[in-house]
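Enquirer: My file is model.cif. It has mmCIF, C-alpha atoms and all ligand atoms:
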data_upload
loop_
_atom_site.label_atom_id
_atom_site.label_comp_id
_atom_site.auth_asym_id
_atom_site.auth_seq_id
_atom_site.Cartn_x
_atom_site.Cartn_y
_atom_site.Cartn_z
CA MET A 738 31.25 -66.18 -8.01
CA THR A 739 33.54 -68.74 -9.67
CA GLN A 740 32.07 -67.83 -13.03
CA LEU A 741 32.40 -64.09 -12.38
CA ALA A 742 36.01 -64.50 -11.26
CA GLY A 743 36.72 -66.52 -14.40
CA GLU A 744 35.12 -63.97 -16.68
CA PHE A 745 36.26 -60.72 -15.08
CA GLY A 746 39.29 -61.74 -12.98
CA THR A 747 40.21 -60.80 -9.42
CA PRO A 748 40.40 -58.73 -7.32
CA ALA A 749 36.93 -57.42 -8.04
CA TYR A 750 33.93 -55.92 -6.33
CA VAL A 751 30.68 -57.69 -7.18
CA TYR A 752 27.42 -55.82 -6.53
CA ASP A 753 23.97 -57.36 -6.45
CA GLY A 754 21.79 -54.76 -8.16
CA ASP A 755 18.58 -56.69 -7.52
CA ARG A 756 19.25 -56.56 -3.81
CA ILE A 757 19.91 -52.82 -3.98
CA ARG A 758 16.56 -52.43 -5.70
CA GLU A 759 14.84 -54.53 -3.00
CA ARG A 760 16.45 -52.48 -0.24
CA PHE A 761 15.41 -49.24 -1.86
CA ARG A 762 11.82 -50.41 -2.20
CA ALA A 763 11.73 -51.73 1.37
CA LEU A 764 12.88 -48.34 2.65
CA ARG A 765 10.36 -46.52 0.52
CA THR A 766 7.57 -48.71 1.84
CA ALA A 767 8.70 -48.32 5.43
CA PHE A 768 9.04 -44.52 5.20
CA PRO A 769 6.24 -43.49 2.81
CA SER A 770 6.39 -39.77 3.65
CA PHE A 771 10.13 -39.56 3.05
CA GLU A 772 12.16 -39.15 -0.09
CA ILE A 773 15.22 -41.37 -0.11
CA PHE A 774 18.42 -39.57 -1.02
CA TYR A 775 21.44 -41.74 -1.71
CA SER A 776 24.64 -40.67 0.06
CA MET A 777 27.02 -41.00 -2.82
CA LYS A 778 30.06 -41.25 -0.56
CA ALA A 779 29.03 -44.79 0.35
CA ASN A 780 29.74 -45.98 -3.16
CA PRO A 781 30.19 -43.46 -5.97
CA SER A 782 30.42 -45.97 -8.83
CA ILE A 783 28.37 -44.28 -11.47
CA ALA A 784 26.43 -47.41 -12.43
CA LEU A 785 25.19 -47.82 -8.85
CA VAL A 786 24.38 -44.14 -8.48
CA GLY A 787 22.56 -44.29 -11.82
CA LEU A 788 20.62 -47.37 -10.75
CA LEU A 789 19.47 -45.60 -7.59
CA MET A 790 18.49 -42.52 -9.60
CA GLU A 791 16.43 -44.75 -11.91
CA LEU A 792 14.71 -46.20 -8.84
CA GLY A 793 13.72 -42.70 -7.76
CA ALA A 794 16.42 -41.68 -5.29
CA GLY A 795 17.71 -38.15 -4.88
CA VAL A 796 21.35 -37.70 -3.96
CA GLU A 797 23.29 -36.31 -1.01
CA LEU A 798 26.80 -35.30 -1.84
CA ALA A 799 29.81 -33.95 -0.06
CA SER A 800 32.26 -32.59 -2.64
CA GLY A 801 32.51 -30.72 -5.90
CA GLY A 802 33.57 -34.00 -7.51
CA GLU A 803 30.38 -35.69 -6.38
CA LEU A 804 28.36 -32.69 -7.60
CA PHE A 805 30.02 -33.07 -11.00
CA VAL A 806 29.13 -36.79 -11.08
CA ALA A 807 25.52 -36.17 -10.00
CA ARG A 808 25.08 -33.65 -12.78
CA GLU A 809 26.74 -35.87 -15.38
CA ILE A 810 24.43 -38.73 -14.40
CA GLY A 811 21.45 -36.43 -14.78
CA PHE A 812 19.91 -35.83 -11.35
CA ASP A 813 17.34 -33.07 -11.21
CA PRO A 814 19.08 -30.24 -9.27
CA LEU A 815 16.10 -30.17 -6.93
CA ASP A 816 16.96 -33.74 -5.95
CA ILE A 817 20.48 -32.81 -4.84
CA VAL A 818 21.66 -31.71 -1.39
CA PHE A 819 25.28 -30.86 -0.62
CA ALA A 820 26.57 -31.39 2.94
CA GLY A 821 30.03 -31.49 4.46
CA PRO A 822 32.45 -29.18 6.22
CA GLY A 823 35.20 -27.27 4.43
CA LYS A 824 33.40 -26.59 1.16
CA THR A 825 35.61 -24.36 -0.97
CA ASP A 826 34.39 -21.17 -2.65
CA ARG A 827 34.55 -22.97 -5.98
CA GLU A 828 32.35 -25.80 -4.67
CA LEU A 829 29.86 -23.33 -3.21
CA GLU A 830 29.78 -21.38 -6.48
CA ASP A 831 29.13 -24.56 -8.47
CA ALA A 832 26.34 -25.60 -6.11
CA ILE A 833 24.67 -22.17 -6.19
CA LEU A 834 24.88 -21.97 -9.98
CA ALA A 835 23.52 -25.52 -10.32
CA ARG A 836 20.52 -24.35 -8.25
CA ILE A 837 20.49 -27.51 -6.17
CA PHE A 838 17.76 -28.02 -3.60
CA ALA A 839 19.94 -27.17 -0.61
CA ILE A 840 23.47 -26.52 0.50
CA ASN A 841 23.62 -27.93 4.00
CA VAL A 842 25.46 -25.27 5.95
CA GLU A 843 27.93 -26.49 8.55
CA SER A 844 28.69 -23.20 10.37
CA LEU A 845 27.48 -19.61 10.67
CA ARG A 846 30.67 -18.52 8.93
CA GLU A 847 29.89 -20.76 5.99
CA LEU A 848 26.48 -19.12 5.85
CA GLU A 849 28.20 -15.73 5.48
CA ARG A 850 30.53 -17.10 2.79
CA ILE A 851 27.56 -18.40 0.86
CA SER A 852 25.90 -14.97 1.11
CA HIS A 853 29.01 -13.31 -0.22
CA ILE A 854 29.34 -15.70 -3.17
CA SER A 855 25.66 -15.55 -3.92
CA ARG A 856 25.82 -11.72 -3.99
CA LEU A 857 28.71 -11.81 -6.46
CA LEU A 858 26.94 -14.35 -8.65
CA ARG A 859 23.60 -12.57 -8.30
CA VAL A 860 21.98 -15.94 -7.72
CA PRO A 861 20.16 -16.55 -4.42
CA ALA A 862 21.26 -19.64 -2.51
CA ARG A 863 19.00 -22.23 -0.97
CA VAL A 864 20.38 -23.61 2.26
CA ALA A 865 19.48 -26.07 4.99
CA LEU A 866 20.97 -25.43 8.41
CA ARG A 867 22.82 -28.48 9.63
CA ILE A 868 22.51 -28.46 13.39
CA ASN A 869 24.89 -30.09 15.84
CA THR A 870 22.31 -30.93 18.47
CA ALA A 871 23.34 -30.43 22.10
CA ASP A 872 22.71 -34.02 22.99
CA GLY A 873 22.70 -36.81 20.49
CA LEU A 874 25.36 -39.26 21.50
CA THR A 875 24.11 -42.38 19.87
CA ARG A 876 24.91 -46.02 20.36
CA VAL A 877 26.76 -46.97 17.24
CA GLY A 878 26.84 -50.61 16.21
CA GLY A 879 25.00 -53.36 18.06
CA ASP A 880 26.21 -52.66 21.58
CA SER A 881 26.58 -49.51 23.61
CA THR A 882 30.34 -49.38 23.14
CA GLY A 883 30.31 -48.90 19.38
CA PRO A 884 33.14 -46.85 17.88
CA LEU A 885 32.71 -43.12 18.36
CA HIS A 886 34.32 -42.25 15.03
CA GLU A 887 30.89 -42.78 13.47
CA GLN A 888 29.49 -40.07 15.78
CA MET A 889 28.96 -36.63 14.26
CA ALA A 890 26.83 -34.62 16.69
CA GLY A 891 26.12 -34.23 20.37
CA GLY A 892 29.57 -32.92 21.26
CA PRO A 893 32.29 -30.69 19.80
CA SER A 894 32.13 -31.30 16.06
CA LYS A 895 33.29 -29.96 12.72
CA PHE A 896 29.81 -30.84 11.47
CA GLY A 897 26.87 -28.50 11.80
CA ILE A 898 26.05 -25.33 13.72
CA ASP A 899 26.10 -25.87 17.47
CA GLU A 900 22.50 -25.75 18.65
CA GLU A 901 23.46 -23.21 21.35
CA LYS A 902 24.56 -20.78 18.62
CA LEU A 903 21.24 -20.79 16.80
CA GLY A 904 20.20 -17.61 18.59
CA ASP A 905 23.00 -15.78 16.71
CA LEU A 906 21.55 -16.78 13.35
CA PRO A 907 19.83 -13.44 12.60
CA ASP A 908 23.24 -11.66 12.81
CA HIS A 909 24.74 -13.92 10.14
CA TRP A 910 21.80 -14.35 7.81
CA ASP A 911 21.30 -12.04 4.86
CA LYS A 912 17.73 -12.66 3.72
CA LYS A 913 18.36 -11.08 0.32
CA THR A 914 20.86 -13.73 -0.68
CA ILE A 915 19.93 -16.76 1.40
CA ASP A 916 16.74 -18.70 1.43
CA ILE A 917 16.65 -21.03 4.45
CA VAL A 918 14.64 -23.95 3.11
CA GLY A 919 15.39 -26.62 5.63
CA VAL A 920 17.02 -28.15 8.63
CA HIS A 921 19.48 -31.01 8.53
CA VAL A 922 20.47 -33.21 11.46
CA TYR A 923 22.90 -36.09 11.11
CA THR A 924 24.08 -37.47 14.42
CA ALA A 925 25.84 -40.72 13.56
CA SER A 926 26.25 -43.57 11.12
CA GLN A 927 25.88 -47.30 11.73
CA ILE A 928 23.01 -47.03 14.21
CA LEU A 929 21.39 -50.39 14.93
CA HIS A 930 19.18 -49.36 17.86
CA ALA A 931 15.75 -48.28 16.63
CA ASP A 932 15.09 -46.22 19.77
CA ASP A 933 18.20 -44.13 19.06
CA VAL A 934 16.95 -43.38 15.56
CA VAL A 935 13.58 -42.35 16.99
CA ALA A 936 15.27 -40.17 19.62
CA ASN A 937 17.21 -38.49 16.81
CA ALA A 938 13.94 -37.95 14.95
CA GLU A 939 12.45 -36.25 18.01
CA ARG A 940 15.51 -34.04 18.39
CA THR A 941 15.31 -33.13 14.73
CA VAL A 942 11.67 -32.10 14.91
CA ALA A 943 12.35 -30.01 18.03
CA THR A 944 15.27 -28.37 16.22
CA ALA A 945 13.16 -27.61 13.16
CA ARG A 946 10.55 -25.92 15.38
CA ARG A 947 13.25 -23.84 17.03
CA VAL A 948 14.64 -22.74 13.65
CA GLU A 949 11.13 -21.74 12.53
CA GLU A 950 10.73 -19.66 15.69
CA ILE A 951 14.08 -17.93 15.17
CA THR A 952 13.62 -17.26 11.46
CA GLY A 953 9.95 -16.42 11.81
CA SER A 954 9.23 -18.36 8.64
CA LYS A 955 8.07 -21.82 7.68
CA LEU A 956 10.59 -24.35 6.46
CA GLU A 957 10.11 -26.34 3.25
CA SER A 958 12.04 -29.42 4.26
CA ILE A 959 13.77 -31.48 6.90
CA ASP A 960 16.73 -33.63 6.03
CA PHE A 961 16.77 -36.32 8.68
CA GLY A 962 20.08 -38.07 8.09
CA GLY A 963 19.06 -41.49 9.24
CA GLY A 964 22.36 -43.20 10.02
CA LEU A 965 20.71 -46.60 9.58
CA GLY A 966 23.30 -49.31 10.09
CA VAL A 967 23.96 -52.83 8.87
CA PRO A 968 24.98 -55.77 11.07
CA HIS A 969 28.64 -56.80 11.03
CA TYR A 970 28.73 -59.17 13.98
CA GLU A 971 26.73 -62.29 14.73
CA LYS A 972 25.16 -60.69 17.80
CA GLU A 973 23.89 -57.71 15.76
CA GLU A 974 20.46 -57.67 14.19
CA GLN A 975 18.98 -55.94 11.17
CA LEU A 976 16.84 -52.92 11.93
CA ASP A 977 13.17 -53.79 11.66
CA LEU A 978 12.40 -51.29 8.90
CA PRO A 979 8.58 -51.44 8.96
CA ALA A 980 8.49 -50.90 12.76
CA LEU A 981 11.17 -48.21 12.66
CA GLY A 982 9.48 -46.48 9.74
CA ALA A 983 6.15 -46.38 11.56
CA ALA A 984 7.75 -44.86 14.68
CA VAL A 985 9.72 -42.25 12.73
CA GLU A 986 6.71 -41.36 10.56
CA GLU A 987 4.72 -40.66 13.71
CA VAL A 988 7.35 -38.25 15.02
CA PHE A 989 7.41 -36.35 11.73
CA ALA A 990 3.62 -36.35 11.25
CA PRO A 991 3.22 -32.60 12.00
CA TYR A 992 5.55 -31.91 9.06
CA SER A 993 4.49 -34.66 6.64
CA LYS A 994 0.95 -33.26 6.82
CA ARG A 995 2.11 -29.88 5.55
CA ASP A 996 1.40 -29.36 1.90
CA GLY A 997 4.46 -29.81 -0.32
CA PHE A 998 6.78 -30.31 2.64
CA ARG A 999 9.83 -32.44 1.78
CA LEU A 1000 11.08 -35.00 4.28
CA ILE A 1001 14.42 -36.41 3.25
CA LEU A 1002 16.29 -39.47 4.48
CA GLU A 1003 19.90 -39.59 3.32
CA LEU A 1004 21.19 -43.11 3.35
CA GLY A 1005 24.33 -44.81 2.16
CA ARG A 1006 25.36 -48.10 3.68
CA ILE A 1007 21.91 -49.53 4.28
CA LEU A 1008 21.29 -49.32 0.54
CA VAL A 1009 24.51 -50.78 -0.75
CA SER A 1010 26.75 -52.34 1.91
CA GLU A 1011 25.27 -55.80 2.09
CA CYS A 1012 24.87 -55.88 -1.68
CA GLY A 1013 28.63 -55.96 -2.28
CA VAL A 1014 31.32 -58.63 -2.08
CA TYR A 1015 35.04 -58.03 -2.40
CA LEU A 1016 36.29 -61.01 -4.36
CA THR A 1017 39.93 -62.09 -4.31
CA ARG A 1018 41.92 -65.16 -5.25
CA VAL A 1019 44.23 -67.15 -2.97
CA VAL A 1020 47.84 -66.67 -4.03
CA GLU A 1021 49.56 -68.22 -1.02
CA LEU A 1022 48.72 -70.24 2.07
CA LYS A 1023 51.04 -69.97 5.02
CA GLU A 1024 51.35 -71.17 8.57
CA SER A 1025 53.62 -69.21 10.89
CA ARG A 1026 54.17 -70.08 14.53
CA GLY A 1027 50.77 -71.62 14.90
CA GLU A 1028 48.84 -68.96 12.97
CA ARG A 1029 47.40 -69.49 9.49
CA PHE A 1030 47.37 -66.88 6.75
CA VAL A 1031 45.38 -66.90 3.55
CA ILE A 1032 47.22 -64.48 1.26
CA THR A 1033 45.15 -63.15 -1.61
CA ASP A 1034 45.73 -61.02 -4.70
CA GLY A 1035 43.86 -58.03 -3.21
CA GLY A 1036 44.41 -56.33 0.12
CA ILE A 1037 43.66 -53.14 1.99
CA ASN A 1038 44.80 -51.15 -1.05
CA GLN A 1039 41.38 -52.03 -2.50
CA PHE A 1040 39.43 -52.62 0.70
CA VAL A 1041 40.80 -50.75 3.69
CA ARG A 1042 37.54 -50.49 5.57
CA PRO A 1043 37.92 -53.42 8.01
CA MET A 1044 41.36 -52.19 9.09
CA LEU A 1045 40.59 -48.48 9.08
CA MET A 1046 37.29 -48.68 10.90
CA LYS A 1047 38.30 -51.68 13.04
CA ILE A 1048 35.17 -53.49 12.00
CA HIS A 1049 34.63 -57.16 11.28
CA HIS A 1050 33.65 -58.30 7.80
CA GLU A 1051 32.53 -61.89 7.35
CA ALA A 1052 34.59 -63.80 4.80
CA ALA A 1053 34.28 -67.21 3.18
CA VAL A 1054 35.87 -69.44 0.58
CA VAL A 1055 33.10 -68.80 -1.91
CA ASN A 1056 33.92 -71.61 -4.34
CA LYS A 1057 33.80 -74.16 -1.48
CA LEU A 1058 30.72 -73.04 0.42
CA ASP A 1059 29.51 -76.64 0.48
CA GLN A 1060 32.53 -77.64 2.57
CA PRO A 1061 32.42 -76.90 6.31
CA GLY A 1062 34.75 -74.16 7.58
CA VAL A 1063 36.95 -75.87 10.14
CA VAL A 1064 40.26 -74.02 10.29
CA SER A 1065 40.64 -70.41 11.47
CA ALA A 1066 42.90 -68.15 9.45
CA LYS A 1067 43.59 -64.48 8.79
CA VAL A 1068 42.94 -63.12 5.31
CA THR A 1069 45.64 -60.77 4.11
CA GLY A 1070 46.55 -59.12 0.85
CA PRO A 1071 49.94 -58.99 -0.87
CA LEU A 1072 51.06 -55.66 0.61
CA CYS A 1073 54.32 -55.25 2.51
CA THR A 1074 52.71 -53.98 5.68
CA PRO A 1075 51.35 -55.83 8.70
CA ILE A 1076 48.16 -53.78 8.56
CA ASP A 1077 47.19 -55.50 5.31
CA VAL A 1078 44.43 -57.66 6.83
CA THR A 1079 41.05 -57.79 5.13
CA SER A 1080 39.45 -60.26 7.53
CA GLN A 1081 40.72 -61.06 11.02
CA GLU A 1082 39.13 -64.47 11.00
CA ILE A 1083 37.87 -66.75 8.30
CA LYS A 1084 36.86 -70.36 8.82
CA THR A 1085 38.34 -72.27 5.92
CA PRO A 1086 37.58 -75.80 4.83
CA SER A 1087 40.44 -78.24 5.34
CA GLY A 1088 40.72 -78.56 1.56
CA ILE A 1089 41.46 -74.84 0.94
CA SER A 1090 44.01 -74.45 -1.85
CA ILE A 1091 45.78 -71.95 -4.07
CA ASP A 1092 43.42 -70.29 -6.58
CA ASP A 1093 40.40 -70.64 -4.30
CA LEU A 1094 38.20 -67.55 -4.13
CA ILE A 1095 37.75 -65.50 -0.98
CA GLY A 1096 34.65 -63.34 -0.69
CA ILE A 1097 34.59 -60.57 1.89
CA PHE A 1098 31.01 -59.58 2.55
CA ASN A 1099 29.26 -56.34 3.43
CA ALA A 1100 31.70 -54.63 1.07
CA GLY A 1101 29.34 -52.53 -1.05
CA ALA A 1102 29.78 -49.37 1.02
CA TYR A 1103 32.97 -47.45 1.76
CA GLY A 1104 34.99 -50.05 -0.13
CA TYR A 1105 36.64 -49.15 -3.39
CA SER A 1106 36.51 -45.37 -3.07
CA MET A 1107 37.67 -45.25 0.55
CA SER A 1108 40.77 -47.33 -0.09
CA PRO A 1109 44.37 -46.22 -0.77
CA LEU A 1110 44.23 -47.49 -4.34
CA ARG A 1111 47.70 -46.30 -5.30
CA PHE A 1112 49.44 -47.89 -2.32
CA LEU A 1113 52.10 -50.27 -3.65
CA SER A 1114 51.13 -49.65 -7.26
CA HIS A 1115 48.88 -52.64 -7.78
CA PRO A 1116 46.30 -52.30 -10.55
CA THR A 1117 42.90 -51.26 -9.23
CA ALA A 1118 40.08 -53.80 -8.87
CA ALA A 1119 37.32 -54.35 -11.39
CA GLU A 1120 33.70 -53.67 -10.43
CA ILE A 1121 30.83 -55.85 -11.61
CA LEU A 1122 27.11 -55.22 -11.31
CA VAL A 1123 24.74 -58.18 -11.43
CA LEU A 1124 21.23 -57.05 -12.30
CA ASN A 1125 18.29 -59.06 -13.63
CA GLY A 1126 20.56 -62.11 -13.84
CA LYS A 1127 23.12 -60.35 -16.03
CA ALA A 1128 26.65 -59.45 -14.97
CA THR A 1129 28.12 -56.24 -16.38
CA LEU A 1130 31.59 -54.86 -15.97
CA ILE A 1131 31.00 -51.35 -14.59
CA ARG A 1132 34.62 -50.45 -13.95
CA GLU A 1133 37.54 -51.94 -15.82
CA ARG A 1134 40.45 -53.39 -13.93
CA GLY A 1135 43.43 -51.02 -13.79
CA GLU A 1136 46.82 -51.60 -15.41
CA HIS A 1137 50.38 -51.05 -14.29
CA ALA A 1138 50.69 -48.04 -16.58
CA ASP A 1139 47.93 -46.24 -14.60
CA VAL A 1140 50.49 -45.52 -11.92
CA MET A 1141 52.17 -43.02 -14.26
CA PHE A 1142 48.92 -41.08 -14.77
CA ARG A 1143 49.34 -37.32 -14.19
CA GLN A 1144 52.91 -37.76 -12.91
CA LYS A 1145 55.96 -35.93 -14.27
CA SER A 1146 59.33 -37.63 -14.35
CA PHE A 1147 62.30 -36.13 -12.53
CA PRO A 1148 63.48 -33.24 -14.75
CA GLY A 1149 67.03 -34.59 -14.98
CA LEU A 1150 65.74 -37.77 -16.60
CA GLU A 1151 63.94 -36.10 -19.50
C1 LIG B 1 26.03 -36.09 6.39
C2 LIG B 1 26.02 -37.52 6.07
N1 LIG B 1 24.93 -38.05 5.48
C3 LIG B 1 24.88 -39.36 5.15
C4 LIG B 1 25.93 -40.21 5.39
C5 LIG B 1 25.80 -41.64 4.98
O1 LIG B 1 25.96 -42.51 6.01
P1 LIG B 1 25.59 -44.04 5.89
O2 LIG B 1 26.38 -44.60 4.77
O3 LIG B 1 25.97 -44.58 7.19
O4 LIG B 1 24.12 -44.14 5.62
C6 LIG B 1 27.07 -39.72 6.03
C7 LIG B 1 28.20 -40.59 6.31
O5 LIG B 1 29.26 -40.21 6.70
C8 LIG B 1 27.12 -38.33 6.36
O6 LIG B 1 28.20 -37.81 6.94
#
Kindly return the structure encoded in the file as C-alpha cells.
Ligand SMILES: Cc1ncc(COP(=O)(O)O)c(C=O)c1O
Expert:
Amino acid sequence: MTQLAGEFGTPAYVYDGDRIRERFRALRTAFPSFEIFYSMKANPSIALVGLLMELGAGVELASGGELFVAREIGFDPLDIVFAGPGKTDRELEDAILARIFAINVESLRELERISHISRLLRVPARVALRINTADGLTRVGGDSTGPLHEQMAGGPSKFGIDEEKLGDLPDHWDKKTIDIVGVHVYTASQILHADDVVANAERTVATARRVEEITGSKLESIDFGGGLGVPHYEKEEQLDLPALGAAVEEVFAPYSKRDGFRLILELGRILVSECGVYLTRVVELKESRGERFVITDGGINQFVRPMLMKIHHEAAVVNKLDQPGVVSAKVTGPLCTPIDVTSQEIKTPSGISIDDLIGIFNAGAYGYSMSPLRFLSHPTAAEILVLNGKATLIRERGEHADVMFRQKSFPGLE
C-alpha cells in the first residue's frame, strides 16, 4: 500500500483483481447451473467490468448509461439484462434496439410502454417480469435487525409487479410485441443468512410456475437476484458458498434440467466489495474534548457509503500494520460537514503520525460511483487495479479544473 500510495498518490481506490477472479470462480463452482451476471452498479469502473466479462460474467444494468458502457466494453447483448424502475422511453428504445436478453419489467404499465415502443420500432422486445413477491422480508446483515433500506420486495415497493396483480397480466400483455422470456425476483441485498437465500429461491421457483400457468407458455430463464452479502461486523460470517450453492441448486433443479434454460444470478458486492480498499493519507491528527480524530485527505466525497448506509467499515493504519492498534479514533475527511466520517472507529498505534496511510476496507462496492464526488470541489480519487502482481492506474486522479466541466459562467461575467 505504501508503494502504491507513493506511485499513484492518495486518495485512491485500490482493487485486488486476483481476489475478484477467485471470488468469481468460487461462485461459479458453487452454483454450476447458474450464469453469473455482474451488477454493474456495485462498481462501474470499466476495467473491473471488463475483467469480469473476460472471466465469463454477463451483466445486469440499471440505466441507459450502464447500457452504453456494457456495449462499449463489448458484452454480447444476450448476456445483458436491464432492471430498475423509472426507465425512460429513450432507455427502453436503446435496450430494445440493442436486442438485449431481457428488460426486467417493474410494473404492468411499463410492460405497456415497452409494447408501444416496440410497435413503433417494429422490433419485438424480450422481457422478464420482475415480481414483488407477497412475502419476502429478509434478514439483512448478520442479525435480524439489519437495515430495511436494503429490502426491495415483500411489501409496498417501487420494484417489480406485485404478485397479487399477476392475474391482470393478460390484459396488459400484447403477445405480438412482447416475448416474456423470464421471471426476475430480487428481494434484498446484503443477505448473510443462507436460509433466507434458500427461502427466496423457493419463492422464486413458485413465482416462475405461476407465471407459466398464467401465460400458458414455458419460460426460457429465471433471474434469481441473489442478494449475497459480505460481512461488515466482527460477529458476521461469510456465507458458506458451497453449502448455499448446493441448497439453491436443489431448489432450481426442475428448471436447470430443462434444455437450454438459463438460470441467472446477478451479483454485485460479493464479487467486488472485499476486493477494494479506499486509501487516504493522514493530513491532521486532533484531540478534542477527549475524542481523537484522524483527518485524512479523502472523505465522504469519495466514499460516502459508511455514512449513507450507516454501516461499519473496518479501517487500519496500513503502513503500520505491524504495530498494535491501541488508541480509538474517528477517521474523517477534510470536508466542512460533521457527517464527513469514513470510519466511526479505528484502532491506531500510539506512533500514528502525519502522512501515515489509512485503508478503509470492504470498499470495492458502492464506493466511488455512489459518492458525491463534486461536493466541496476536491479532485476525484484515482483507481488502481492490482492483477497478476502488477498495479495499473485504471482511473486518473481528477484536477481542480474538472470542477468547471460542462458549466457556464454567469452571463454578466462573459
Ligand atoms: C435488481 C438488483 N440486482 C442486483 C443488485 C446488486 O446487489 P448486490 O451488490 O448486493 O449484489 C441490486 C442492488 O441494488 C439490485 O437492485
Enquirer: Considering all atoms listed in the file, can you say which of A:Ala984, A:Val922, A:Ala763, A:Met790 comes closest to ligand LIG 1 (chain B)?
Expert: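 Using all atoms listed in the file, ligand LIG 1 (chain B) sits closest to A:Val922.
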Enquirer: So how many Å separate atom CA of A:Val877 and atom CA of A:Val985, to one decimal?
Expert: 18.2 Å
Enquirer: Enter the distance from atom CA of A:Met1141 to atom CA of A:His1115, in Å, rounded to one decimal.
Expert: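 Value for the atom CA of A:Met1141-atom CA of A:His1115 distance: 12.1 Å.
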Enquirer: Considering all atoms listed in the file, can you say which of A:Tyr1015, A:Phe745, A:Phe819, A:Phe838 comes closest to ligand LIG 1 (chain B)?
Expert: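 Among the listed residues, the smallest separation from ligand LIG 1 (chain B) belongs to A:Phe819.
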Enquirer: Could you give me, as a count of residues only, the residues within 10 Å of A:Val1064, counting only C-alpha atoms and dropping anything in the same chain fewer than 6 positions from it?
Expert: 9
Enquirer: Grab me every residue within 10 Å of ligand LIG 1 (chain B), counting only C-alpha atoms and all ligand atoms, and send it over as JSON, numbers by chain.
Expert: {"A": [774, 775, 776, 777, 778, 779, 780, 796, 797, 798, 799, 818, 819, 820, 821, 822, 841, 867, 886, 887, 888, 889, 896, 897, 921, 922, 923, 924, 925, 926, 927, 928, 960, 961, 962, 963, 964, 965, 966, 967, 1002, 1003, 1004, 1005, 1006, 1007, 1008, 1009, 1010, 1102, 1103]}
